[in-house]
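> Mind looking over this structure? Questions follow.
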Amino acid sequence: MYRFIRTAALASLLASASSALAATPLELHPTPEVDLPVGDDVAFPNGSGSDVIASNCTACHSADHTLNQPALSREEWHTVVDKMINAYKAPITSEDARVIVDYLARIKGEP
Amino acid sequence: MPKHSTLSTPSRRGLLSAAALGGMGLLASRAHAETVDLHVPGGPSTRPLTATYPEKGRMIVQRTRPPWLETPFEVFDTGVFTPNDRHFVSWHWATFPTHVDTDRFTLKVRGLVERPQALSLQELIRDLPRFEIAAVSQCAGNSRLYAQPRVAGAQWANGSMSNALYTGVRLRDVLDRAGVKGGATHVRFGGLDEPLLPDAPKFVKALDIDHARDGEVMLAFAMNGAQLPMLNGFPLKLIVPGWSAVYWIKMLDDIAVMDHPDTSVWTTRSYRVPDTLNHTVEPGQTDYSLIPITRNLPRSFVTNLKPSDTIPVGVPQPVRGIAFGGDRGVAAVDLSLDGGRTWQPTILDKDEGTYGFRQWQSTISLAARGAHTVMTRCTNTDRLVQPIRRVWNPGGYMSNPVEALDLVAA
């Protein structure tokens, strides 16, 4: 799926940058249509719990975000998942949270 | 946001998986052909490099969606103003518009004001005095990748910072047009980006009223002489010179004048640092309080040499870099070749603005073969100096220690 970005340009905006009151007319011209990647080409490595993390942790940010994190302790992963639930209102059950912490601690390894 | 087309919002059920967002990854695989090694131990060290994002040149992909695109460090050697297509990108929520109708876009000014406003871009551009300022935009988590021990968060190397000359109008003039009422204490800012899940917190930040009216905080409709790239906040962005980029609300369309501080989690829970010297604590330490991140701190970098570069022994070697003073100008940049015991001054190039990057240069000569370390240290005009000791906090925020560049003389 492609997402199109079409922006309009404010050209020659700065012609009168030095004058106190700007009278430069606003000129609009569209930029070419472009794609914004979704980021689903990087997936959580298969293994016990990968389906749970994939369904709970990719709505707000692509998996590369979580996979680029360093190795953390189980406690630190818990803090992360709790923050997703409490601060950012991720709808994650405590059972799924436990599976996700196990999964991350295992695939990311000991710090 | 009926005024603007947005990224399609999938059904709530569909939100739980990225697969529901579709995409066969063709674009992304193309983008991921080239990688960069950020040379960090203990965790993924390589990142894709891509030039496929709209209005962006080659950027380091820290996260695909919502985009976190880092400026490759070599860009900082090319001058003090970061080209718009290399200016770093950071969004909190993926649902920002993919198209803004510039004829219908309005900036609302509401709350404790005499005359609530809905200003068009034309009104902002034509009716208000124009203002320009150069300023560094730096993510509060810049350099988090190098935290020891490592911490969770955006794993930025040193490239979530950029300097630009911004053109627009003063926030004070916009507030005066609306007429701030007595009793106002804070001004809160929001943009066109909305959280994906219904209960998630909209991204907002606030300034106290005196700061908002200081005549430097501004609304920019252009940077470096061109309209803002979509991913950097087109068509209007809040610029808070000297303060962390978290305050620089992109696609700014809502200004609320209030009689109380902002209560959102983005201030009360996120973007907080220990209220300690250099915002530094020991891992595991708990006996400190947290304060919101505000101003930038002084920093300096060598830009013409990379770690492990070999330079000829005993030959004068030009060393060049950039510095910024945070919420003050750069007073001095010094170099040390002996681990910080003695420092030698460098020559500062043209001052392009208090809050911007300042280029500096010097010459070193390494007499002995083998490993050497070049340290750089910025002092700002408030006499605030980069600390030589490590900076560490659990959020990986506001890192600004003296930089140490390891070189080999041969």
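Chain labels run A, B, ... following the order of the structure tokens; each chain numbers its residues from 1, and ligands are numbered from 1 in the order shown.
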Extract, using only C-alpha atoms, all DNA, RNA and protein residues at most 6 Å from segment 340-357 of chain B, discarding same-chain residues fewer than 3 positions from it, and format them as a list in words.
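Counting only C-alpha atoms, the residues come to Val80, Ala134, Ala135, Val136, Asn163, Gly242, Ala323, Phe324, Gly329, Val333, Asp334, Leu335, Ser336, Trp360, Gln361 and Ser362 of chain B.
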> I'd like the contact shell of Ile85 of chain A - 12 Å cut-off, only C-alpha atoms, skipping same-chain residues fewer than 6 positions apart - returned as a list in words.
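Final neighbour list, sorted by chain and number: Asn56, Cys57, His78, Thr79, Pro91, Ile92, Thr93, Ser94, Asp96 and Ala97 of chain A; Leu197, Asp199, Ala200 and Pro201 of chain B.
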> How about saving the chosen residues, N, CA and C atoms kept, as an mmCIF file, in the first residue's frame?

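File written: part.cif
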data_model
loop_
_atom_site.group_PDB
_atom_site.id
_atom_site.type_symbol
_atom_site.label_atom_id
_atom_site.label_comp_id
_atom_site.auth_asym_id
_atom_site.auth_seq_id
_atom_site.Cartn_x
_atom_site.Cartn_y
_atom_site.Cartn_z
ATOM 1 N N ASN A 56 0.402 -6.879 19.185
ATOM 2 C CA ASN A 56 0.243 -5.861 20.227
ATOM 3 C C ASN A 56 1.154 -4.646 20.055
ATOM 4 N N CYS A 57 2.234 -4.822 19.329
ATOM 5 C CA CYS A 57 3.282 -3.792 19.371
ATOM 6 C C CYS A 57 3.605 -3.167 18.020
ATOM 7 N N HIS A 78 9.835 -4.763 31.226
ATOM 8 C CA HIS A 78 8.559 -4.571 31.919
ATOM 9 C C HIS A 78 8.206 -3.097 32.022
ATOM 10 N N THR A 79 9.216 -2.301 32.363
ATOM 11 C CA THR A 79 8.985 -0.851 32.466
ATOM 12 C C THR A 79 8.522 -0.283 31.126
ATOM 13 N N PRO A 91 -3.711 -0.998 24.342
ATOM 14 C CA PRO A 91 -4.642 -1.969 24.911
ATOM 15 C C PRO A 91 -4.017 -3.365 24.971
ATOM 16 N N ILE A 92 -3.224 -3.614 25.991
ATOM 17 C CA ILE A 92 -2.484 -4.879 26.092
ATOM 18 C C ILE A 92 -2.858 -5.554 27.412
ATOM 19 N N THR A 93 -3.233 -6.827 27.352
ATOM 20 C CA THR A 93 -3.593 -7.551 28.582
ATOM 21 C C THR A 93 -2.319 -7.896 29.357
ATOM 22 N N SER A 94 -2.476 -8.133 30.663
ATOM 23 C CA SER A 94 -1.287 -8.433 31.458
ATOM 24 C C SER A 94 -0.689 -9.775 31.039
ATOM 25 N N ASP A 96 -0.650 -10.955 27.898
ATOM 26 C CA ASP A 96 0.147 -10.660 26.698
ATOM 27 C C ASP A 96 1.428 -9.911 27.076
ATOM 28 N N ALA A 97 1.325 -9.002 28.033
ATOM 29 C CA ALA A 97 2.507 -8.232 28.453
ATOM 30 C C ALA A 97 3.605 -9.177 28.935
ATOM 31 N N LEU B 197 -4.602 5.261 18.253
ATOM 32 C CA LEU B 197 -5.616 4.586 19.063
ATOM 33 C C LEU B 197 -6.444 5.635 19.799
ATOM 34 N N ASP B 199 -7.727 6.171 22.752
ATOM 35 C CA ASP B 199 -7.454 6.683 24.097
ATOM 36 C C ASP B 199 -6.050 7.255 24.259
ATOM 37 N N ALA B 200 -5.230 7.084 23.253
ATOM 38 C CA ALA B 200 -3.833 7.498 23.381
ATOM 39 C C ALA B 200 -3.738 9.030 23.430
ATOM 40 N N PRO B 201 -2.718 9.543 24.119
ATOM 41 C CA PRO B 201 -2.630 10.990 24.347
ATOM 42 C C PRO B 201 -2.126 11.767 23.132
#
> Restricting the calculation to only C-alpha atoms: of A:Ser73, A:Val38, A:Asp82, A:Tyr103, which residue gets closest to chain B?
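Under the stated criterion, the closest residue is A:Val38.
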> Could you name the residues that touch Leu67 of chain A at 9 Å or less, counting only C-alpha atoms, but leaving out those on the same chain fewer than 2 positions away, as a PyMOL selection string?
(chain A and resi 42-44+63-65+69-70+104+108) or (chain B and resi 44)
> Based on the backbone DSSP call, show me all residues of segment 75-128 of chain B assigned strand (DSSP E or B), as a PDB file with all heavy atoms, in the first residue's frame.

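states-v8.pdb, freshly written:
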ATOM      1  N   VAL B  89      14.191  13.905  11.143  1.00  0.00           N
ATOM      2  CA  VAL B  89      12.728  13.792  11.192  1.00  0.00           C
ATOM      3  C   VAL B  89      12.332  12.960  12.399  1.00  0.00           C
ATOM      4  O   VAL B  89      12.918  11.901  12.650  1.00  0.00           O
ATOM      5  CB  VAL B  89      12.197  13.101   9.911  1.00  0.00           C
ATOM      6  CG1 VAL B  89      10.709  12.773  10.033  1.00  0.00           C
ATOM      7  CG2 VAL B  89      12.466  13.960   8.681  1.00  0.00           C
ATOM      8  N   SER B  90      11.356  13.431  13.171  1.00  0.00           N
ATOM      9  CA  SER B  90      10.879  12.641  14.310  1.00  0.00           C
ATOM     10  C   SER B  90       9.405  12.934  14.573  1.00  0.00           C
ATOM     11  O   SER B  90       9.026  14.078  14.812  1.00  0.00           O
ATOM     12  CB  SER B  90      11.712  12.978  15.547  1.00  0.00           C
ATOM     13  OG  SER B  90      11.178  12.329  16.681  1.00  0.00           O
ATOM     14  N   THR B  95      -0.247   9.187  12.386  1.00  0.00           N
ATOM     15  CA  THR B  95      -1.392   9.756  11.658  1.00  0.00           C
ATOM     16  C   THR B  95      -1.260  11.265  11.457  1.00  0.00           C
ATOM     17  O   THR B  95      -2.086  12.023  11.922  1.00  0.00           O
ATOM     18  CB  THR B  95      -2.693   9.480  12.419  1.00  0.00           C
ATOM     19  OG1 THR B  95      -2.423   9.640  13.796  1.00  0.00           O
ATOM     20  CG2 THR B  95      -3.222   8.103  12.133  1.00  0.00           C
ATOM     21  N   PRO B  97      -1.114  14.343   8.552  1.00  0.00           N
ATOM     22  CA  PRO B  97      -1.671  14.438   7.198  1.00  0.00           C
ATOM     23  C   PRO B  97      -0.629  14.167   6.115  1.00  0.00           C
ATOM     24  O   PRO B  97       0.550  14.477   6.284  1.00  0.00           O
ATOM     25  CB  PRO B  97      -2.142  15.889   7.114  1.00  0.00           C
ATOM     26  CG  PRO B  97      -2.291  16.342   8.514  1.00  0.00           C
ATOM     27  CD  PRO B  97      -1.290  15.585   9.322  1.00  0.00           C
ATOM     28  N   HIS B  99      -1.383  15.423   3.177  1.00  0.00           N
ATOM     29  CA  HIS B  99      -1.647  16.550   2.294  1.00  0.00           C
ATOM     30  C   HIS B  99      -2.270  17.659   3.130  1.00  0.00           C
ATOM     31  O   HIS B  99      -3.161  17.393   3.929  1.00  0.00           O
ATOM     32  CB  HIS B  99      -2.625  16.133   1.191  1.00  0.00           C
ATOM     33  CG  HIS B  99      -3.072  17.284   0.353  1.00  0.00           C
ATOM     34  ND1 HIS B  99      -2.245  17.899  -0.555  1.00  0.00           N
ATOM     35  CD2 HIS B  99      -4.241  17.947   0.299  1.00  0.00           C
ATOM     36  CE1 HIS B  99      -2.908  18.887  -1.137  1.00  0.00           C
ATOM     37  NE2 HIS B  99      -4.116  18.939  -0.628  1.00  0.00           N
ATOM     38  N   THR B 106      -6.002  26.496   8.905  1.00  0.00           N
ATOM     39  CA  THR B 106      -6.094  27.624   9.835  1.00  0.00           C
ATOM     40  C   THR B 106      -5.353  27.299  11.128  1.00  0.00           C
ATOM     41  O   THR B 106      -5.312  26.153  11.574  1.00  0.00           O
ATOM     42  CB  THR B 106      -7.548  27.976  10.208  1.00  0.00           C
ATOM     43  OG1 THR B 106      -8.208  26.810  10.688  1.00  0.00           O
ATOM     44  CG2 THR B 106      -8.296  28.593   9.046  1.00  0.00           C
ATOM     45  N   LEU B 107      -4.804  28.350  11.692  1.00  0.00           N
ATOM     46  CA  LEU B 107      -4.179  28.275  13.009  1.00  0.00           C
ATOM     47  C   LEU B 107      -5.167  28.869  14.011  1.00  0.00           C
ATOM     48  O   LEU B 107      -5.514  30.043  13.923  1.00  0.00           O
ATOM     49  CB  LEU B 107      -2.873  29.077  13.014  1.00  0.00           C
ATOM     50  CG  LEU B 107      -2.251  29.281  14.410  1.00  0.00           C
ATOM     51  CD1 LEU B 107      -1.731  27.972  14.965  1.00  0.00           C
ATOM     52  CD2 LEU B 107      -1.142  30.328  14.343  1.00  0.00           C
ATOM     53  N   LYS B 108      -5.599  28.041  14.954  1.00  0.00           N
ATOM     54  CA  LYS B 108      -6.539  28.524  15.968  1.00  0.00           C
ATOM     55  C   LYS B 108      -5.770  29.093  17.160  1.00  0.00           C
ATOM     56  O   LYS B 108      -4.773  28.506  17.595  1.00  0.00           O
ATOM     57  CB  LYS B 108      -7.427  27.376  16.470  1.00  0.00           C
ATOM     58  CG  LYS B 108      -8.337  26.795  15.390  1.00  0.00           C
ATOM     59  CD  LYS B 108      -9.203  25.675  15.936  1.00  0.00           C
ATOM     60  CE  LYS B 108      -8.397  24.435  16.336  1.00  0.00           C
ATOM     61  NZ  LYS B 108      -7.731  23.768  15.218  1.00  0.00           N
ATOM     62  N   VAL B 109      -6.224  30.207  17.664  1.00  0.00           N
ATOM     63  CA  VAL B 109      -5.710  30.751  18.923  1.00  0.00           C
ATOM     64  C   VAL B 109      -6.925  30.916  19.823  1.00  0.00           C
ATOM     65  O   VAL B 109      -7.858  31.635  19.476  1.00  0.00           O
ATOM     66  CB  VAL B 109      -4.996  32.108  18.731  1.00  0.00           C
ATOM     67  CG1 VAL B 109      -4.325  32.540  20.031  1.00  0.00           C
ATOM     68  CG2 VAL B 109      -3.981  32.031  17.600  1.00  0.00           C
ATOM     69  N   ARG B 110      -6.939  30.182  20.918  1.00  0.00           N
ATOM     70  CA  ARG B 110      -8.161  30.118  21.717  1.00  0.00           C
ATOM     71  C   ARG B 110      -7.805  30.090  23.201  1.00  0.00           C
ATOM     72  O   ARG B 110      -6.644  30.204  23.566  1.00  0.00           O
ATOM     73  CB  ARG B 110      -8.969  28.877  21.333  1.00  0.00           C
ATOM     74  CG  ARG B 110      -8.186  27.589  21.549  1.00  0.00           C
ATOM     75  CD  ARG B 110      -8.860  26.372  20.936  1.00  0.00           C
ATOM     76  NE  ARG B 110      -8.038  25.196  21.106  1.00  0.00           N
ATOM     77  CZ  ARG B 110      -8.144  24.343  22.140  1.00  0.00           C
ATOM     78  NH1 ARG B 110      -9.034  24.540  23.094  1.00  0.00           N
ATOM     79  NH2 ARG B 110      -7.336  23.301  22.228  1.00  0.00           N
ATOM     80  N   GLY B 111      -8.802  29.922  24.043  1.00  0.00           N
ATOM     81  CA  GLY B 111      -8.562  29.883  25.479  1.00  0.00           C
ATOM     82  C   GLY B 111      -8.715  31.277  26.072  1.00  0.00           C
ATOM     83  O   GLY B 111      -9.643  32.015  25.718  1.00  0.00           O
ATOM     84  N   VAL B 113      -8.204  34.336  25.748  1.00  0.00           N
ATOM     85  CA  VAL B 113      -7.894  35.454  24.846  1.00  0.00           C
ATOM     86  C   VAL B 113      -9.157  36.288  24.609  1.00  0.00           C
ATOM     87  O   VAL B 113     -10.274  35.769  24.677  1.00  0.00           O
ATOM     88  CB  VAL B 113      -7.331  34.973  23.479  1.00  0.00           C
ATOM     89  CG1 VAL B 113      -5.957  34.355  23.671  1.00  0.00           C
ATOM     90  CG2 VAL B 113      -8.268  33.988  22.801  1.00  0.00           C
ATOM     91  N   GLN B 117      -8.840  33.437  17.476  1.00  0.00           N
ATOM     92  CA  GLN B 117      -8.446  33.611  16.080  1.00  0.00           C
ATOM     93  C   GLN B 117      -8.509  32.288  15.327  1.00  0.00           C
ATOM     94  O   GLN B 117      -8.296  31.226  15.909  1.00  0.00           O
ATOM     95  CB  GLN B 117      -7.003  34.116  16.006  1.00  0.00           C
ATOM     96  CG  GLN B 117      -6.712  35.402  16.749  1.00  0.00           C
ATOM     97  CD  GLN B 117      -7.116  36.623  15.967  1.00  0.00           C
ATOM     98  OE1 GLN B 117      -6.778  36.760  14.805  1.00  0.00           O
ATOM     99  NE2 GLN B 117      -7.875  37.506  16.623  1.00  0.00           N
ATOM    100  N   ALA B 118      -8.780  32.404  14.037  1.00  0.00           N
ATOM    101  CA  ALA B 118      -8.568  31.284  13.111  1.00  0.00           C
ATOM    102  C   ALA B 118      -7.826  31.895  11.936  1.00  0.00           C
ATOM    103  O   ALA B 118      -8.420  32.442  11.024  1.00  0.00           O
ATOM    104  CB  ALA B 118      -9.889  30.677  12.678  1.00  0.00           C
ATOM    105  N   LEU B 119      -6.501  31.864  12.021  1.00  0.00           N
ATOM    106  CA  LEU B 119      -5.674  32.584  11.053  1.00  0.00           C
ATOM    107  C   LEU B 119      -5.324  31.694   9.867  1.00  0.00           C
ATOM    108  O   LEU B 119      -4.883  30.558  10.042  1.00  0.00           O
ATOM    109  CB  LEU B 119      -4.376  33.036  11.732  1.00  0.00           C
ATOM    110  CG  LEU B 119      -4.520  34.094  12.827  1.00  0.00           C
ATOM    111  CD1 LEU B 119      -3.283  34.114  13.719  1.00  0.00           C
ATOM    112  CD2 LEU B 119      -4.744  35.461  12.178  1.00  0.00           C
ATOM    113  N   SER B 120      -5.503  32.234   8.670  1.00  0.00           N
ATOM    114  CA  SER B 120      -5.087  31.500   7.481  1.00  0.00           C
ATOM    115  C   SER B 120      -3.585  31.685   7.295  1.00  0.00           C
ATOM    116  O   SER B 120      -2.973  32.596   7.877  1.00  0.00           O
ATOM    117  CB  SER B 120      -5.824  32.024   6.252  1.00  0.00           C
ATOM    118  OG  SER B 120      -5.394  33.349   5.987  1.00  0.00           O
TER     119      SER B 120
END
> Atom CA of Val100 of chain B and atom CA of Tyr53 of chain B are how many Å apart?
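Interatomic distance, atom CA of Val100 of chain B to atom CA of Tyr53 of chain B: 17.2 Å.
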> Determine, counting only C-alpha atoms, which protein, DNA and RNA residues have an atom within 7 Å of an atom of Met258 of chain B; residues of the same chain fewer than 3 positions away are not included. Present the result as a PyMOL selection string.
chain B and resi 111-112+184-187
> Could you please take those selected residues and save N, CA, C and O atoms as a CSV table (one decimal), in the first residue's frame?

chain,number,residue,atom,x,y,z
B,111,GLY,N,-8.8,29.9,24.0
B,111,GLY,CA,-8.6,29.9,25.5
B,111,GLY,C,-8.7,31.3,26.1
B,111,GLY,O,-9.6,32.0,25.7
B,112,LEU,N,-7.8,31.6,26.9
B,112,LEU,CA,-7.8,32.9,27.7
B,112,LEU,C,-7.4,34.1,26.8
B,112,LEU,O,-6.4,34.7,27.0
B,184,ALA,N,-3.6,34.6,32.5
B,184,ALA,CA,-3.0,33.5,31.6
B,184,ALA,C,-1.6,33.2,32.2
B,184,ALA,O,-0.8,34.1,32.5
B,185,THR,N,-1.3,31.9,32.3
B,185,THR,CA,0.1,31.5,32.8
B,185,THR,C,0.8,30.7,31.8
B,185,THR,O,2.1,30.6,31.8
B,186,HIS,N,0.1,29.9,30.9
B,186,HIS,CA,0.8,29.0,30.0
B,186,HIS,C,0.1,29.0,28.6
B,186,HIS,O,-1.1,29.4,28.5
B,187,VAL,N,0.9,28.6,27.6
B,187,VAL,CA,0.4,28.5,26.3
B,187,VAL,C,0.7,27.1,25.8
B,187,VAL,O,1.8,26.7,25.8
> Output as a list in words all residues of segment 261-408 of chain B that backbone DSSP marks as helix (DSSP H, G or I).
Val265, Trp266, Thr267, Thr268, Leu277, Asn278 and His279 of chain B
> Keeping only all heavy atoms, write those residues as an mmCIF file, in the first residue's frame.

data_model
loop_
_atom_site.group_PDB
_atom_site.id
_atom_site.type_symbol
_atom_site.label_atom_id
_atom_site.label_comp_id
_atom_site.auth_asym_id
_atom_site.auth_seq_id
_atom_site.Cartn_x
_atom_site.Cartn_y
_atom_site.Cartn_z
ATOM 1 N N VAL B 265 0.670 13.655 29.429
ATOM 2 C CA VAL B 265 1.752 12.727 29.788
ATOM 3 C C VAL B 265 3.077 13.111 29.143
ATOM 4 O O VAL B 265 4.136 12.711 29.624
ATOM 5 C CB VAL B 265 1.454 11.260 29.397
ATOM 6 C CG1 VAL B 265 0.292 10.704 30.183
ATOM 7 C CG2 VAL B 265 1.238 11.123 27.909
ATOM 8 N N TRP B 266 3.014 13.898 28.071
ATOM 9 C CA TRP B 266 4.250 14.291 27.389
ATOM 10 C C TRP B 266 5.064 15.248 28.246
ATOM 11 O O TRP B 266 6.226 15.518 27.969
ATOM 12 C CB TRP B 266 3.921 14.923 26.036
ATOM 13 C CG TRP B 266 3.176 13.973 25.159
ATOM 14 C CD1 TRP B 266 1.839 13.979 24.892
ATOM 15 C CD2 TRP B 266 3.712 12.839 24.466
ATOM 16 N NE1 TRP B 266 1.516 12.936 24.060
ATOM 17 C CE2 TRP B 266 2.637 12.221 23.778
ATOM 18 C CE3 TRP B 266 4.997 12.291 24.337
ATOM 19 C CZ2 TRP B 266 2.805 11.081 22.991
ATOM 20 C CZ3 TRP B 266 5.161 11.163 23.545
ATOM 21 C CH2 TRP B 266 4.080 10.570 22.890
ATOM 22 N N THR B 267 4.428 15.803 29.283
ATOM 23 C CA THR B 267 5.160 16.648 30.230
ATOM 24 C C THR B 267 5.245 15.996 31.607
ATOM 25 O O THR B 267 6.261 16.089 32.285
ATOM 26 C CB THR B 267 4.487 18.033 30.335
ATOM 27 O OG1 THR B 267 4.641 18.699 29.082
ATOM 28 C CG2 THR B 267 5.122 18.885 31.422
ATOM 29 N N THR B 268 4.172 15.305 31.998
ATOM 30 C CA THR B 268 4.148 14.775 33.363
ATOM 31 C C THR B 268 4.817 13.414 33.481
ATOM 32 O O THR B 268 5.197 12.985 34.566
ATOM 33 C CB THR B 268 2.696 14.638 33.866
ATOM 34 O OG1 THR B 268 1.972 13.790 32.969
ATOM 35 C CG2 THR B 268 2.010 15.990 33.934
ATOM 36 N N LEU B 277 23.050 17.254 39.122
ATOM 37 C CA LEU B 277 24.134 17.828 38.336
ATOM 38 C C LEU B 277 24.271 17.087 37.000
ATOM 39 O O LEU B 277 24.374 15.858 36.965
ATOM 40 C CB LEU B 277 25.454 17.737 39.126
ATOM 41 C CG LEU B 277 26.679 18.334 38.440
ATOM 42 C CD1 LEU B 277 26.561 19.840 38.270
ATOM 43 C CD2 LEU B 277 27.945 17.965 39.212
ATOM 44 N N ASN B 278 24.245 17.824 35.918
ATOM 45 C CA ASN B 278 24.326 17.266 34.560
ATOM 46 C C ASN B 278 23.233 16.231 34.289
ATOM 47 O O ASN B 278 23.387 15.364 33.429
ATOM 48 C CB ASN B 278 25.699 16.654 34.281
ATOM 49 C CG ASN B 278 26.819 17.663 34.437
ATOM 50 O OD1 ASN B 278 26.663 18.819 34.069
ATOM 51 N ND2 ASN B 278 27.932 17.237 35.013
ATOM 52 N N HIS B 279 22.136 16.323 35.042
ATOM 53 C CA HIS B 279 21.012 15.388 34.884
ATOM 54 C C HIS B 279 21.489 13.940 34.942
ATOM 55 O O HIS B 279 20.978 13.058 34.250
ATOM 56 C CB HIS B 279 20.264 15.649 33.572
ATOM 57 C CG HIS B 279 19.844 17.080 33.436
ATOM 58 N ND1 HIS B 279 18.971 17.666 34.314
ATOM 59 C CD2 HIS B 279 20.205 18.051 32.559
ATOM 60 C CE1 HIS B 279 18.797 18.943 33.979
ATOM 61 N NE2 HIS B 279 19.548 19.201 32.927
#
> Compile the contact shell of Val99 of chain A as a VMD selection string: residues with an atom at most 8 Å away, counting only C-alpha atoms, same-chain residues fewer than 6 positions apart removed.
chain A and resid 49 52 to 53
> Rank A:His61, A:Asp102, A:Val81, A:Asn86 by their smallest atom-to-atom distance to Asp40 of chain A, using only C-alpha atoms, and report the top residue only.
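Among the listed residues, A:His61 lies closest to Asp40 of chain A.
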